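Shown next: final.cif, containing mmCIF, C-alpha atoms.
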```cif
data_work
loop_
_atom_site.label_atom_id
_atom_site.label_comp_id
_atom_site.auth_asym_id
_atom_site.auth_seq_id
_atom_site.Cartn_x
_atom_site.Cartn_y
_atom_site.Cartn_z
CA MET A 29 32.82 -10.19 14.39
CA GLU A 30 31.34 -13.62 13.74
CA THR A 31 31.29 -14.83 10.12
CA SER A 32 29.58 -17.54 8.11
CA THR A 33 31.36 -19.49 5.37
CA ILE A 34 29.36 -20.56 2.36
CA VAL A 35 30.55 -22.43 -0.74
CA ILE A 36 28.76 -21.41 -3.96
CA LEU A 37 29.63 -23.25 -7.18
CA GLY A 38 33.15 -23.88 -5.95
CA LEU A 39 33.64 -20.27 -4.79
CA LEU A 40 34.33 -19.59 -1.13
CA VAL A 41 32.30 -16.69 0.23
CA VAL A 42 32.75 -15.38 3.78
CA VAL A 43 30.06 -13.01 5.03
CA PRO A 44 29.17 -11.48 8.39
CA SER A 45 26.73 -13.73 10.23
CA ALA A 46 24.36 -10.79 10.60
CA LEU A 47 23.50 -11.15 6.90
CA ALA A 48 22.30 -14.70 7.48
CA ASP A 49 20.45 -13.85 10.74
CA CYS A 50 16.99 -15.43 10.66
CA ARG A 51 14.65 -15.40 13.61
CA PRO A 52 11.31 -17.19 13.67
CA GLY A 53 8.63 -15.45 11.63
CA PRO A 54 8.25 -14.02 8.16
CA PRO A 55 10.45 -11.25 6.72
CA PRO A 56 11.50 -8.68 7.74
CA TYR A 57 12.50 -10.66 10.85
CA CYS A 58 14.93 -12.42 8.55
CA LYS A 59 17.99 -10.87 6.97
CA ASP A 60 18.71 -12.92 3.90
CA TRP A 61 21.05 -12.70 0.97
CA HIS A 62 21.90 -14.74 -2.07
CA ILE A 63 24.81 -14.75 -4.51
CA GLY A 64 24.76 -17.01 -7.56
CA ILE A 65 26.49 -17.70 -10.85
CA ASP A 66 24.61 -19.10 -13.85
CA ARG A 67 25.35 -19.74 -17.52
CA VAL A 68 23.51 -17.40 -19.91
CA ASN A 69 24.75 -19.01 -23.13
CA THR A 70 27.63 -21.23 -24.20
CA ARG A 71 30.23 -18.49 -23.66
CA GLY A 72 28.78 -16.30 -20.91
CA SER A 73 28.02 -16.30 -17.21
CA VAL A 74 25.82 -14.07 -15.08
CA VAL A 75 26.62 -13.18 -11.48
CA HIS A 76 23.53 -12.14 -9.54
CA GLY A 77 22.63 -11.38 -5.98
CA HIS A 78 20.09 -9.86 -3.64
CA ALA A 79 19.80 -8.92 0.01
CA ASN A 80 16.82 -8.30 2.30
CA ILE A 81 17.55 -5.98 5.24
CA PRO A 82 15.11 -5.19 8.09
CA ILE A 83 14.90 -1.45 8.81
CA HIS A 84 12.15 -1.21 11.42
CA GLN A 85 10.21 -3.77 13.44
CA SER A 86 7.54 -3.07 16.04
CA PRO A 87 4.43 -4.95 17.18
CA SER A 88 2.28 -2.83 14.82
CA SER A 89 4.48 -2.21 11.75
CA SER A 90 7.58 -3.27 9.89
CA SER A 91 9.67 -2.12 6.98
CA HIS A 92 12.57 -3.65 5.11
CA ALA A 93 14.78 -2.81 2.17
CA GLN A 94 15.87 -5.06 -0.66
CA VAL A 95 18.80 -4.54 -3.01
CA HIS A 96 19.53 -6.61 -6.09
CA GLY A 97 21.83 -6.72 -9.07
CA SER A 98 23.30 -8.82 -11.85
CA ARG A 99 26.15 -8.62 -14.37
CA VAL A 100 26.91 -10.73 -17.46
CA PHE A 101 30.49 -11.73 -18.26
CA GLY A 102 31.26 -13.09 -21.76
CA GLY A 103 29.09 -14.02 -24.70
CA PRO A 104 26.85 -11.75 -26.75
CA GLN A 105 25.33 -10.09 -23.66
CA ASN A 106 28.73 -9.27 -22.12
CA GLY A 107 28.44 -6.22 -19.88
CA ALA A 108 24.66 -6.38 -19.45
CA GLN A 109 23.92 -5.18 -15.94
CA THR A 110 20.99 -4.35 -13.65
CA VAL A 111 20.99 -2.83 -10.17
CA GLY A 112 18.06 -1.77 -8.04
CA GLY A 113 16.30 -1.64 -4.75
CA ASN A 114 12.91 -1.68 -3.03
CA LEU A 115 11.51 -0.32 0.22
CA ASN A 116 8.58 -2.24 1.72
CA TYR A 117 6.17 -1.31 4.54
CA GLN A 118 3.54 -3.34 6.35
CA HIS A 119 1.21 -2.37 9.22
CA SER A 120 -0.74 -4.75 11.46
CA ASN A 121 -4.01 -3.06 10.42
CA GLY A 122 -3.52 -4.57 6.93
CA LEU A 123 -2.02 -1.56 5.14
CA HIS A 124 1.04 -2.37 3.03
CA GLY A 125 3.04 -0.78 0.23
CA SER A 126 6.34 -0.60 -1.59
CA VAL A 127 8.42 1.62 -3.87
CA GLY A 128 11.28 0.49 -6.06
CA ALA A 129 13.70 1.49 -8.77
CA THR A 130 15.93 -0.51 -11.13
CA HIS A 131 18.58 0.62 -13.59
CA THR A 132 19.28 -1.57 -16.62
CA ARG A 133 22.48 -0.68 -18.48
CA GLY A 134 21.70 0.54 -21.97
CA MET A 135 17.95 0.69 -21.36
CA GLY A 136 17.51 3.17 -18.50
CA ASN A 137 15.56 3.28 -15.28
CA SER A 138 12.27 1.71 -14.29
CA PHE A 139 10.19 2.58 -11.25
CA SER A 140 7.42 0.77 -9.39
CA GLY A 141 5.03 1.29 -6.53
CA THR A 142 2.30 -0.71 -4.83
CA VAL A 143 -0.27 -0.04 -2.15
CA GLY A 144 -2.94 -2.18 -0.61
CA GLY A 145 -4.85 -3.14 2.46
CA SER A 146 -6.96 -5.86 3.96
CA GLY A 147 -9.53 -6.08 6.71
CA ARG A 148 -12.43 -8.05 8.11
CA LEU A 149 -15.75 -7.57 6.32
CA GLY A 150 -18.63 -9.65 7.58
CA PRO A 151 -17.59 -13.30 7.85
CA GLY A 152 -14.60 -12.89 5.53
CA THR A 153 -11.61 -10.73 4.65
CA LEU A 154 -11.54 -8.10 1.89
CA THR A 155 -8.15 -7.39 0.32
CA VAL A 156 -7.62 -4.59 -2.19
CA GLY A 157 -4.41 -3.51 -3.83
CA GLY A 158 -2.80 -2.05 -6.86
CA GLY A 159 0.48 -1.13 -8.39
CA VAL A 160 2.09 0.93 -11.12
CA ASN A 161 5.38 0.64 -12.93
CA THR A 162 7.31 2.09 -15.84
CA LEU A 163 9.25 0.17 -18.45
CA PRO A 164 13.03 0.72 -18.55
CA GLY A 165 13.83 4.08 -20.15
CA SER A 166 10.16 5.02 -20.61
CA SER A 167 7.90 7.56 -18.92
CA LYS A 168 4.77 5.54 -19.77
CA VAL A 169 3.03 4.14 -16.72
CA GLN A 170 1.19 0.83 -16.60
CA GLY A 171 -0.64 -0.66 -13.64
CA GLN A 172 -3.29 -2.88 -12.20
CA VAL A 173 -5.83 -2.88 -9.41
CA GLY A 174 -7.41 -5.92 -7.81
CA ALA A 175 -9.62 -7.05 -4.98
CA THR A 176 -10.38 -10.39 -3.38
CA TYR A 177 -12.92 -11.45 -0.79
CA SER A 178 -12.28 -14.68 1.07
CA VAL A 179 -14.62 -16.50 3.42
CA PRO A 180 -13.44 -19.47 5.52
CA LEU A 181 -15.29 -22.72 4.88
CA PRO A 182 -17.10 -24.24 7.87
#
```

In structure tokens, write the structure found in this file.
Amino acid sequence: METSTIVILGLLVVVPSALADCRPGPPPYCKDWHIGIDRVNTRGSVVHGHANIPIHQSPSSSSHAQVHGSRVFGGPQNGAQTVGGNLNYQHSNGLHGSVGATHTRGMGNSFSGTVGGSGRLGPGTLTVGGGVNTLPGSSKVQGQVGATYSVPLP
């Protein structure tokens, strides 16, 4: 198995090359990942990461999954942690959507979902979409809906 070697903040990370596989075009053609370490205060550090993984690709539709997480070491927020994931879908007819969930230690779970679409209307393109989400540990739902109409300038 081929591997890639990456140095992050003095740490040596060896990962399978498949995780860094990017072909021409927008995601989900591209498998990408990121691992980082940042300071959160004078005595703490946060380790965070995410990965984008293609699940399905055809000429008419695509879907990909994303996973993410972070953990704080040291300082007043020591032990703070989040983990989560999303599933995204896009069709060539303009339909797109996603669902996701995140768990925040000490606060609970939050959930989200979006749906939208776009298509030609007269000389321009109409795009409509909306989404809902819950706050961590709450069953209350909040959301938004929007629409845009764009016309190319001559």

Result set of the PyMOL selection byres ((chain A and resi 78) around 6) on the coordinates above, as JSON, numbers by chain: {"A": [61, 62, 77, 79, 95, 96]}

Could the residues in this selection be saved with C-alpha atoms as a compact mmCIF listing (two decimals), keeping the file's coordinate frame?
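Output (part-v2.txt):
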```
# COMPACT_ATOMS: atom_id res chain seq x y z
CA TRP A 61 21.05 -12.70 0.97
CA HIS A 62 21.90 -14.74 -2.07
CA GLY A 77 22.63 -11.38 -5.98
CA ALA A 79 19.80 -8.92 0.01
CA VAL A 95 18.80 -4.54 -3.01
CA HIS A 96 19.53 -6.61 -6.09
```

Atom CA of Leu149 of chain A to atom CA of His84 of chain A: how many Å, to one decimal? 29.1 Å

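If you look at atom CA of Gly171 of chain A and atom CA of Gln85 of chain A, they are 29.3 Å away from each other.
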
Return the single residue from A:Val100, A:Val156, A:Val179, A:Ile83 that is closest to Gly125 of chain A, with distances computed using all atoms listed in the file.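 The shortest atom-to-atom distance to Gly125 of chain A comes from A:Val156.
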
Nearest residue to Arg71 of chain A out of A:Ser98, A:Asn106, A:Ser167, A:Pro87, using only C-alpha atoms? A:Asn106

Take the PyMOL selection byres ((chain A and resi 75) around 10), run it mentally on this structure, and tell me the resulting residues as a list in words. Ile63, Gly64, Ile65, Asp66, Arg67, Val68, Ser73, Val74, His76, Gly77, Gly97, Ser98, Arg99, Val100, Phe101 and Gln109 of chain A

Within 9 Å of (-10.3, -8.0, -4.3), all atoms listed in the file: residues as a PyMOL selection string? chain A and resi 154-157+173-178

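Taking atom CA of Thr110 of chain A as the reference point, atom CA of Lys59 of chain A is found at 21.8 Å.
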
Which is closest to Gly141 of chain A among A:Gly113, A:Gly102, A:Gly122, A:Pro180, if we use all atoms listed in the file?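 Nearest to Gly141 of chain A: A:Gly113.
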
Residue with smallest distance to Gly158 of chain A - pool A:His124, A:Tyr117, A:Gly72, A:Phe139, counting only C-alpha atoms: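 Between A:His124, A:Tyr117, A:Gly72, A:Phe139, the residue approaching Gly158 of chain A most closely is A:His124.
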
For His92 of chain A, the nearest of the candidates A:Gln105, A:Ser126, A:Ser166, A:Ser140, counting only C-alpha atoms: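 Ranked by minimum distance to His92 of chain A, first place goes to A:Ser126.
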
Could you work out an axis-aligned bounding box for all listed atoms of segment 97-102 of chain A, with 3 Å added on each of the six sides, and give its centre and edge lengths in Å to one decimal, as AutoDock Vina command-line options?
```
--center_x 26.5 --center_y -9.9 --center_z -15.4 --size_x 15.4 --size_y 12.4 --size_z 18.7
```

Rank A:Asn69, A:Asn121, A:Thr153, A:Thr142 by their smallest atom-to-atom distance to Ser89 of chain A, using all atoms listed in the file, and report the top residue only.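 Looking at the shortest contact to Ser89 of chain A, the residue is A:Asn121.
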
List every protein, DNA or RNA residue that has an atom no more than 8 Å from (10.0, -3.3, -15.0) in the file's coordinate frame, counting all atoms listed in the file, and report them as a list of chain:residue names.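 Protein, DNA and RNA residues close to (10.0, -3.3, -15.0): A:Thr130, A:Ser138, A:Phe139, A:Ser140, A:Asn161, A:Thr162, A:Leu163, A:Pro164.
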